[in-house]
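J.: Below you'll find the structure I mean.
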Amino acid sequence: MRFGILSTAKIARTAVVPAIQATDHTVAAIASRDPERAESVAADLDVPAAYGSYEALLAADIDAVYNPLPNGLHGEWTTRAADAGLDVLCEKPLTADAAEAEVVAAHCRERDVTLMEAFMYRYHPRTERAAELVQRELEDVHSVEATFNFRLDGRPDDVRLDPDLAGGSLMDVGCYAVSAARLFLGEPDRVYATRHDSRGAGVDTRLTGVLAYDDGSTATVSGSFDTPEVQRYRVEGANGWVEARPAFNVPADEPAALTYATDGQRTTERFDPADQYRLQIDAFADAVTRGVEPRTGPAEAVANMRVIDALYESAESGTPVEPS
């Protein structure tokens, strides 16, 4: 599969392009709105073609697109890639809100292209094992706590602080916590959230939410640009618990651990270093080849965005909101 990369974003340069190049697939082209930037990055990463516009990339000899543009541009350029007949791996979150996610998902179905949201942590063997333990070993799972915080010390014009580009801590890192809570507990019946904008940027730099379920289960999710890095999830059941840290962004060259206790027996499982970005690429290519919806396909993306929308609505209104 020949990939084209829509933009020279850091995540593309440092993680996804090297991951693709480590597989049987290739990065055939990269684009930037700055032609010199595209040429420079292409040379650094040994990518054969560089384009000074996204439109030119979509017309190139490629099979699929990786879209790491700012959140507010995901929907537009994913649909334009689909119009070009290209399968799309789009960075999370898929779009700026659930309504747009539904439109983009429908558009890709109509164009008969594969669409996958790039929640790379879902493809790490440790995440798969955690989900298996929660489903098979924990009884009466009733509580999840999921957190992804880090200190954003970037420029004031960082796209993650731009409300017009769907910035904010929930959209950038809190969405991982929402994804994990839903993985372990399913879809909430209502949510409640509080938010804070410490930079005066017009976006949340800290947001904490509670996902509530009619059976009494709850999940606490949080994302922040204002604290030292914390990546963690912990799942509690009547007979034990499962915990991972760092939970989401595990370096490809480092082992990972999963600690859990069931019926009084505590265990730590260790996992060999694994490039979850490479595993994500393999899963995407497999879904394209087999014509099946990926694990983090459109339905999952829309469901995650519905909870994110509800959290924002609750933070604005100060009242519980039912995701819809």
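Just so we're on the same page: first chain in the structure tokens is A, next is B, and so on; residues restart at 1 for each chain, and ligands are numbered from 1 in the order they show up.
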Determine which residues of stretch 145-178 of chain A receive a DSSP assignment of strand (DSSP E or B), computed from the backbone, and state them as a list in words.

T.: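 Restricting stretch 145-178 of chain A to strand (DSSP E or B) produces Glu145, Ala146, Thr147, Phe148, Asn149, Phe150 and Arg151 of chain A.
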
J.: With N, CA and C atoms retained, write the just-selected residues as a short mmCIF file (atom, residue, chain, number, x, y, z; two decimals), in the first residue's frame.

T.:
data_model
loop_
_atom_site.label_atom_id
_atom_site.label_comp_id
_atom_site.auth_asym_id
_atom_site.auth_seq_id
_atom_site.Cartn_x
_atom_site.Cartn_y
_atom_site.Cartn_z
N GLU A 145 -11.22 4.69 36.13
CA GLU A 145 -10.59 6.01 36.21
C GLU A 145 -9.55 6.07 35.11
N ALA A 146 -9.66 7.06 34.22
CA ALA A 146 -8.75 7.18 33.09
C ALA A 146 -8.29 8.62 32.96
N THR A 147 -6.97 8.81 32.85
CA THR A 147 -6.37 10.13 32.85
C THR A 147 -5.26 10.23 31.83
N PHE A 148 -5.22 11.34 31.11
CA PHE A 148 -4.09 11.66 30.24
C PHE A 148 -3.82 13.16 30.39
N ASN A 149 -2.83 13.49 31.17
CA ASN A 149 -2.44 14.89 31.41
C ASN A 149 -1.00 15.09 30.97
N PHE A 150 -0.68 16.29 30.50
CA PHE A 150 0.71 16.68 30.28
C PHE A 150 0.77 18.20 30.25
N ARG A 151 1.96 18.73 30.41
CA ARG A 151 2.12 20.17 30.40
C ARG A 151 2.44 20.65 28.99
#

J.: Could you pull out all residues of stretch 145-306 of chain A with a DSSP call of alpha helix (DSSP H) and give them as number ranges by chain?

T.: A: 169, 175-185, 276-290, 298-306

J.: At a cut-off of 12 Å, using only C-alpha atoms, what residues contact stretch 252-255 of chain A? Leave out same-chain residues fewer than 3 positions from it and give the result as number ranges by chain.

T.: A: 14-16, 18-19, 22, 120-121, 124-126, 245-246, 248-249, 258, 269-279

J.: Pull the closest atom pair for each residue of stretch 2-121 of chain A that gets at most 10 Å from stretch 152-174 of chain A, along with the distance in Å to one decimal, counting only C-alpha atoms, ordering rows by chain and then ascending residue number, as a Markdown table.

T.:
| residue | atom | partner | partner_atom | distance |
| --- | --- | --- | --- | --- |
| A:Leu69 | CA | A:Leu165 | CA | 9.6 |
| A:Pro70 | CA | A:Leu165 | CA | 6.1 |
| A:Asn71 | CA | A:Ala166 | CA | 5.5 |
| A:Gly72 | CA | A:Leu165 | CA | 4.1 |
| A:Leu73 | CA | A:Leu165 | CA | 6.9 |
| A:His74 | CA | A:Leu165 | CA | 9.5 |
| A:Lys92 | CA | A:Asp172 | CA | 7.9 |
| A:Pro93 | CA | A:Met171 | CA | 6.5 |
| A:Leu94 | CA | A:Met171 | CA | 9.9 |
| A:Thr95 | CA | A:Ala166 | CA | 8.4 |
| A:Ala96 | CA | A:Ala166 | CA | 5.6 |
| A:Asp97 | CA | A:Ala166 | CA | 8.7 |

J.: Give the answer as one residue: which of A:Val321, A:Ala299, A:Ala60, A:Ala283 has the shortest atom-to-atom distance to A:Tyr123, using only C-alpha atoms?

T.: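 Of A:Val321, A:Ala299, A:Ala60, A:Ala283, the one nearest A:Tyr123 is A:Ala283, counting only C-alpha atoms.
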